[in-house]
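**Q** Below you'll find input38.pdb; it's PDB, C-alpha atoms, pLDDT in the B column.
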ATOM      1  CA  TRP A 736     105.446  82.759  94.654  1.00 62.00           C
ATOM      2  CA  GLU A 737     107.051  80.726  97.352  1.00 81.00           C
ATOM      3  CA  TYR A 738     105.596  81.254 100.798  1.00 90.00           C
ATOM      4  CA  THR A 739     104.902  79.444 104.040  1.00 92.00           C
ATOM      5  CA  CYS A 740     101.284  78.768 105.015  1.00 93.00           C
ATOM      6  CA  GLY A 741     100.140  77.858 108.507  1.00 94.00           C
ATOM      7  CA  THR A 742      96.737  76.381 109.402  1.00 95.00           C
ATOM      8  CA  PRO A 743      95.269  74.754 112.533  1.00 95.00           C
ATOM      9  CA  GLU A 744      96.703  71.276 112.992  1.00 94.00           C
ATOM     10  CA  SER A 745      93.384  70.070 114.446  1.00 95.00           C
ATOM     11  CA  GLU A 746      91.663  70.903 111.125  1.00 94.00           C
ATOM     12  CA  GLN A 747      93.970  68.820 108.976  1.00 91.00           C
ATOM     13  CA  GLU A 748      91.066  66.910 107.389  1.00 92.00           C
ATOM     14  CA  CYS A 749      88.845  69.982 106.825  1.00 91.00           C
ATOM     15  CA  LYS A 750      88.542  71.252 103.266  1.00 91.00           C
ATOM     16  CA  VAL A 751      88.409  74.903 104.402  1.00 92.00           C
ATOM     17  CA  LYS A 752      90.283  75.836 107.563  1.00 95.00           C
ATOM     18  CA  SER A 753      89.156  78.377 110.169  1.00 95.00           C
ATOM     19  CA  TRP A 754      92.284  80.468 109.570  1.00 96.00           C
ATOM     20  CA  TYR A 755      95.313  80.720 107.290  1.00 97.00           C
ATOM     21  CA  LEU A 756      98.578  82.573 107.872  1.00 97.00           C
ATOM     22  CA  LEU A 757     100.742  83.111 104.795  1.00 96.00           C
ATOM     23  CA  TYR A 758     104.290  84.432 105.253  1.00 96.00           C
ATOM     24  CA  PHE A 759     106.288  85.706 102.279  1.00 94.00           C
ATOM     25  CA  GLY A 760     109.703  86.276 103.911  1.00 91.00           C
ATOM     26  CA  PHE A 761     112.002  88.273 101.663  1.00 90.00           C
ATOM     27  CA  LYS A 762     109.692  87.804  98.629  1.00 88.00           C
ATOM     28  CA  ARG A 763     107.752  90.950  97.731  1.00 90.00           C
ATOM     29  CA  PRO A 764     104.568  90.099  95.815  1.00 91.00           C
ATOM     30  CA  ALA A 765     102.174  92.954  95.050  1.00 93.00           C
ATOM     31  CA  TYR A 766      99.116  90.754  95.591  1.00 95.00           C
ATOM     32  CA  MET A 767      97.900  87.236  96.355  1.00 94.00           C
ATOM     33  CA  ASP A 768      94.840  85.622  94.781  1.00 95.00           C
ATOM     34  CA  PHE A 769      92.625  83.201  96.713  1.00 96.00           C
ATOM     35  CA  PHE A 770      90.091  80.728  95.370  1.00 95.00           C
ATOM     36  CA  PHE A 771      87.413  79.428  97.726  1.00 94.00           C
ATOM     37  CA  GLU A 772      83.763  78.466  97.271  1.00 91.00           C
ATOM     38  CA  ASP A 773      81.356  81.417  96.993  1.00 90.00           C
ATOM     39  CA  ASN A 774      79.784  80.757 100.403  1.00 90.00           C
ATOM     40  CA  VAL A 775      83.102  81.057 102.319  1.00 91.00           C
ATOM     41  CA  GLU A 776      83.933  84.477 103.832  1.00 95.00           C
ATOM     42  CA  PHE A 777      87.175  85.540 105.487  1.00 97.00           C
ATOM     43  CA  GLU A 778      88.273  88.575 107.450  1.00 97.00           C
ATOM     44  CA  ILE A 779      91.577  89.683 105.907  1.00 98.00           C
ATOM     45  CA  HIS A 780      94.537  91.265 107.690  1.00 98.00           C
ATOM     46  CA  VAL A 781      97.903  92.257 106.259  1.00 98.00           C
ATOM     47  CA  ILE A 782     100.667  91.884 108.835  1.00 97.00           C
ATOM     48  CA  ASP A 783     103.969  93.720 108.537  1.00 96.00           C
ATOM     49  CA  THR A 784     106.305  91.642 110.692  1.00 95.00           C
ATOM     50  CA  TRP A 785     109.194  94.092 110.342  1.00 93.00           C
ATOM     51  CA  ASN A 786     107.227  97.169 111.482  1.00 93.00           C
ATOM     52  CA  MET A 787     105.035  95.100 113.822  1.00 95.00           C
ATOM     53  CA  SER A 788     101.700  96.333 112.463  1.00 96.00           C
ATOM     54  CA  ILE A 789      98.418  94.663 111.525  1.00 97.00           C
ATOM     55  CA  GLU A 790      96.132  96.361 109.008  1.00 97.00           C
ATOM     56  CA  PRO A 791      92.577  95.205 108.256  1.00 97.00           C
ATOM     57  CA  ALA A 792      92.163  94.554 104.532  1.00 97.00           C
ATOM     58  CA  GLY A 793      88.431  93.877 104.335  1.00 96.00           C
ATOM     59  CA  ILE A 794      86.352  90.783 103.736  1.00 97.00           C
ATOM     60  CA  GLY A 795      87.087  88.186 101.056  1.00 96.00           C
ATOM     61  CA  LYS A 796      84.442  85.865  99.664  1.00 95.00           C
ATOM     62  CA  GLY A 797      84.789  83.184  96.996  1.00 93.00           C
ATOM     63  CA  ASN A 798      87.586  84.267  94.668  1.00 95.00           C
ATOM     64  CA  PHE A 799      89.378  87.409  95.828  1.00 97.00           C
ATOM     65  CA  ARG A 800      92.674  89.274  95.677  1.00 97.00           C
ATOM     66  CA  VAL A 801      94.603  90.694  98.623  1.00 97.00           C
ATOM     67  CA  LEU A 802      96.869  93.628  97.776  1.00 96.00           C
ATOM     68  CA  LEU A 803     100.252  93.801  99.470  1.00 95.00           C
ATOM     69  CA  PRO A 804     102.593  96.792  99.871  1.00 94.00           C
ATOM     70  CA  GLY A 805     105.470  95.073  98.047  1.00 90.00           C
ATOM     71  CA  ARG A 806     107.772  95.029 101.082  1.00 92.00           C
ATOM     72  CA  GLU A 807     109.701  92.141 102.586  1.00 93.00           C
ATOM     73  CA  TYR A 808     108.486  90.104 105.594  1.00 94.00           C
ATOM     74  CA  MET A 809     104.743  90.509 105.017  1.00 96.00           C
ATOM     75  CA  CYS A 810     101.974  88.113 106.085  1.00 97.00           C
ATOM     76  CA  ILE A 811      98.359  87.656 105.143  1.00 97.00           C
ATOM     77  CA  ARG A 812      95.993  86.366 107.811  1.00 98.00           C
ATOM     78  CA  LEU A 813      92.616  85.005 106.746  1.00 98.00           C
ATOM     79  CA  MET A 814      90.094  84.279 109.501  1.00 97.00           C
ATOM     80  CA  LYS A 815      86.904  82.481 108.537  1.00 96.00           C
ATOM     81  CA  LYS A 816      83.851  84.466 109.595  1.00 90.00           C
ATOM     82  CA  LYS A 817      81.698  82.767 112.229  1.00 79.00           C
ATOM     83  CA  GLY A 818      78.459  81.242 111.053  1.00 65.00           C
ATOM     84  CA  VAL A 819      79.625  81.027 107.447  1.00 52.00           C
TER      85      VAL A 819
END
As structure tokens, please, write out the structure in this file.
**A**
Amino acid sequence: WEYTCGTPESEQECKVKSWYLLYFGFKRPAYMDFFFEDNVEFEIHVIDTWNMSIEPAGIGKGNFRVLLPGREYMCIRLMKKKGV
């Protein structure tokens, strides 16, 4: 899928960033797969930019899948857990 991904500019050289924001625009994927090392954990949020809502979607570690509602203008926010 085509999407836009934002990360902290100050972490440009870091292999794993402290957060990621993926925006799908008018694309409507049902899920997104992520592939990180097994010791990396992220808090996951699904953001509906049209309805202005943020829903927690659990914790992702290593390789994981985030399910999406299949609507337009959705985002996924991954926030690296502290101390991990």
**Q** Would you list the contacts of Gly795 of chain A as a PyMOL selection string, taking every protein, DNA or RNA residue within 9 Å and counting only C-alpha atoms, but skipping same-chain residues closer than 5 positions in sequence?
**A** chain A and resi 769+775-779+800-801+813
**Q** From the set A:Phe771, A:Tyr738, A:Tyr766, A:Tyr758, which residue has the shortest atom-to-atom contact distance to Met809 of chain A, counting only C-alpha atoms?
**A** A:Tyr758
**Q** Please provide as a list of chain:residue names all residues within 10 Å of Pro764 of chain A, with the sequence filter that same-chain residues fewer than 3 positions apart are discarded (counting only C-alpha atoms).
**A** A:Trp736, A:Glu737, A:Phe759, A:Phe761, A:Met767, A:Leu802, A:Leu803, A:Pro804, A:Gly805, A:Arg806, A:Glu807, A:Met809
**Q** Report the distance between atom CA of Asp768 of chain A and atom CA of Phe799 of chain A in Å, rounded to one decimal place.
**A**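 Those two atoms sit 5.8 Å apart.
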**Q** Restricting the calculation to all atoms listed in the file: of A:Glu748, A:Met814, A:Tyr808, A:Ser788, which residue gets closest to Arg763 of chain A?
**A**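 Among the listed residues, the smallest separation from Arg763 of chain A belongs to A:Tyr808.
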**Q** Could segment 803-814 of chain A be completed with all heavy atoms and written as a PDB file, in the coordinates of the input, please?
**A**
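Printed below is rebuild28.pdb as written:
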ATOM      1  N   LEU A 803      99.152  93.702  98.517  1.00 95.00           N
ATOM      2  CA  LEU A 803     100.252  93.801  99.470  1.00 95.00           C
ATOM      3  C   LEU A 803     101.103  95.024  99.136  1.00 95.00           C
ATOM      4  O   LEU A 803     101.135  95.459  97.970  1.00 95.00           O
ATOM      5  CB  LEU A 803     101.109  92.532  99.414  1.00 95.00           C
ATOM      6  CG  LEU A 803     100.420  91.278  99.923  1.00 95.00           C
ATOM      7  CD1 LEU A 803     101.145  90.036  99.442  1.00 95.00           C
ATOM      8  CD2 LEU A 803     100.344  91.301 101.429  1.00 95.00           C
ATOM      9  N   PRO A 804     101.814  95.574 100.123  1.00 94.00           N
ATOM     10  CA  PRO A 804     102.593  96.792  99.871  1.00 94.00           C
ATOM     11  C   PRO A 804     103.907  96.563  99.122  1.00 94.00           C
ATOM     12  O   PRO A 804     104.619  97.511  98.842  1.00 94.00           O
ATOM     13  CB  PRO A 804     102.864  97.328 101.283  1.00 94.00           C
ATOM     14  CG  PRO A 804     102.816  96.130 102.152  1.00 94.00           C
ATOM     15  CD  PRO A 804     101.805  95.208 101.528  1.00 94.00           C
ATOM     16  N   GLY A 805     104.249  95.325  98.802  1.00 90.00           N
ATOM     17  CA  GLY A 805     105.470  95.073  98.047  1.00 90.00           C
ATOM     18  C   GLY A 805     106.738  95.182  98.876  1.00 90.00           C
ATOM     19  O   GLY A 805     107.806  95.445  98.337  1.00 90.00           O
ATOM     20  N   ARG A 806     106.610  95.004 100.192  1.00 92.00           N
ATOM     21  CA  ARG A 806     107.772  95.029 101.082  1.00 92.00           C
ATOM     22  C   ARG A 806     108.087  93.609 101.542  1.00 92.00           C
ATOM     23  O   ARG A 806     107.252  92.717 101.469  1.00 92.00           O
ATOM     24  CB  ARG A 806     107.483  95.908 102.302  1.00 92.00           C
ATOM     25  CG  ARG A 806     107.325  97.371 101.968  1.00 92.00           C
ATOM     26  CD  ARG A 806     107.321  98.230 103.213  1.00 92.00           C
ATOM     27  NE  ARG A 806     106.292  97.881 104.168  1.00 92.00           N
ATOM     28  CZ  ARG A 806     105.079  98.425 104.219  1.00 92.00           C
ATOM     29  NH1 ARG A 806     104.737  99.343 103.330  1.00 92.00           N
ATOM     30  NH2 ARG A 806     104.220  98.067 105.137  1.00 92.00           N
ATOM     31  N   GLU A 807     109.293  93.440 102.051  1.00 93.00           N
ATOM     32  CA  GLU A 807     109.701  92.141 102.586  1.00 93.00           C
ATOM     33  C   GLU A 807     109.012  91.861 103.924  1.00 93.00           C
ATOM     34  O   GLU A 807     108.579  92.783 104.611  1.00 93.00           O
ATOM     35  CB  GLU A 807     111.211  92.118 102.794  1.00 93.00           C
ATOM     36  CG  GLU A 807     111.995  92.265 101.517  1.00 93.00           C
ATOM     37  CD  GLU A 807     113.491  92.326 101.750  1.00 93.00           C
ATOM     38  OE1 GLU A 807     113.922  92.799 102.816  1.00 93.00           O
ATOM     39  OE2 GLU A 807     114.225  91.882 100.856  1.00 93.00           O
ATOM     40  N   TYR A 808     108.946  90.584 104.282  1.00 94.00           N
ATOM     41  CA  TYR A 808     108.486  90.104 105.594  1.00 94.00           C
ATOM     42  C   TYR A 808     107.015  90.411 105.875  1.00 94.00           C
ATOM     43  O   TYR A 808     106.647  90.754 106.984  1.00 94.00           O
ATOM     44  CB  TYR A 808     109.386  90.646 106.714  1.00 94.00           C
ATOM     45  CG  TYR A 808     110.841  90.475 106.390  1.00 94.00           C
ATOM     46  CD1 TYR A 808     111.659  91.569 106.178  1.00 94.00           C
ATOM     47  CD2 TYR A 808     111.381  89.202 106.238  1.00 94.00           C
ATOM     48  CE1 TYR A 808     112.992  91.405 105.838  1.00 94.00           C
ATOM     49  CE2 TYR A 808     112.715  89.029 105.895  1.00 94.00           C
ATOM     50  CZ  TYR A 808     113.516  90.133 105.702  1.00 94.00           C
ATOM     51  OH  TYR A 808     114.819  89.970 105.359  1.00 94.00           O
ATOM     52  N   MET A 809     106.177  90.265 104.869  1.00 96.00           N
ATOM     53  CA  MET A 809     104.743  90.509 105.017  1.00 96.00           C
ATOM     54  C   MET A 809     104.000  89.180 105.211  1.00 96.00           C
ATOM     55  O   MET A 809     104.457  88.131 104.750  1.00 96.00           O
ATOM     56  CB  MET A 809     104.189  91.221 103.780  1.00 96.00           C
ATOM     57  CG  MET A 809     104.847  92.557 103.491  1.00 96.00           C
ATOM     58  SD  MET A 809     104.747  93.750 104.811  1.00 96.00           S
ATOM     59  CE  MET A 809     103.009  94.091 104.814  1.00 96.00           C
ATOM     60  N   CYS A 810     102.857  89.266 105.884  1.00 97.00           N
ATOM     61  CA  CYS A 810     101.974  88.113 106.085  1.00 97.00           C
ATOM     62  C   CYS A 810     100.562  88.503 105.681  1.00 97.00           C
ATOM     63  O   CYS A 810     100.191  89.678 105.740  1.00 97.00           O
ATOM     64  CB  CYS A 810     101.903  87.721 107.558  1.00 97.00           C
ATOM     65  SG  CYS A 810     103.333  86.921 108.226  1.00 97.00           S
ATOM     66  N   ILE A 811      99.798  87.505 105.308  1.00 97.00           N
ATOM     67  CA  ILE A 811      98.359  87.656 105.143  1.00 97.00           C
ATOM     68  C   ILE A 811      97.709  86.696 106.128  1.00 97.00           C
ATOM     69  O   ILE A 811      98.062  85.518 106.172  1.00 97.00           O
ATOM     70  CB  ILE A 811      97.893  87.319 103.717  1.00 97.00           C
ATOM     71  CG1 ILE A 811      98.487  88.300 102.709  1.00 97.00           C
ATOM     72  CG2 ILE A 811      96.363  87.311 103.641  1.00 97.00           C
ATOM     73  CD1 ILE A 811      98.177  87.946 101.268  1.00 97.00           C
ATOM     74  N   ARG A 812      96.761  87.211 106.906  1.00 98.00           N
ATOM     75  CA  ARG A 812      95.993  86.366 107.811  1.00 98.00           C
ATOM     76  C   ARG A 812      94.543  86.358 107.354  1.00 98.00           C
ATOM     77  O   ARG A 812      93.938  87.417 107.190  1.00 98.00           O
ATOM     78  CB  ARG A 812      96.073  86.891 109.249  1.00 98.00           C
ATOM     79  CG  ARG A 812      95.256  86.056 110.226  1.00 98.00           C
ATOM     80  CD  ARG A 812      95.441  86.510 111.636  1.00 98.00           C
ATOM     81  NE  ARG A 812      94.963  87.891 111.802  1.00 98.00           N
ATOM     82  CZ  ARG A 812      95.198  88.624 112.874  1.00 98.00           C
ATOM     83  NH1 ARG A 812      95.943  88.163 113.859  1.00 98.00           N
ATOM     84  NH2 ARG A 812      94.723  89.854 112.951  1.00 98.00           N
ATOM     85  N   LEU A 813      94.022  85.180 107.089  1.00 98.00           N
ATOM     86  CA  LEU A 813      92.616  85.005 106.746  1.00 98.00           C
ATOM     87  C   LEU A 813      91.946  84.309 107.923  1.00 98.00           C
ATOM     88  O   LEU A 813      92.414  83.256 108.372  1.00 98.00           O
ATOM     89  CB  LEU A 813      92.456  84.128 105.499  1.00 98.00           C
ATOM     90  CG  LEU A 813      93.165  84.580 104.229  1.00 98.00           C
ATOM     91  CD1 LEU A 813      92.936  83.552 103.125  1.00 98.00           C
ATOM     92  CD2 LEU A 813      92.678  85.939 103.794  1.00 98.00           C
ATOM     93  N   MET A 814      90.841  84.874 108.400  1.00 97.00           N
ATOM     94  CA  MET A 814      90.094  84.279 109.501  1.00 97.00           C
ATOM     95  C   MET A 814      88.659  84.074 109.044  1.00 97.00           C
ATOM     96  O   MET A 814      87.968  85.045 108.698  1.00 97.00           O
ATOM     97  CB  MET A 814      90.164  85.159 110.736  1.00 97.00           C
ATOM     98  CG  MET A 814      91.585  85.335 111.244  1.00 97.00           C
ATOM     99  SD  MET A 814      91.740  86.458 112.638  1.00 97.00           S
ATOM    100  CE  MET A 814      90.873  85.525 113.871  1.00 97.00           C
TER     101      MET A 814
END
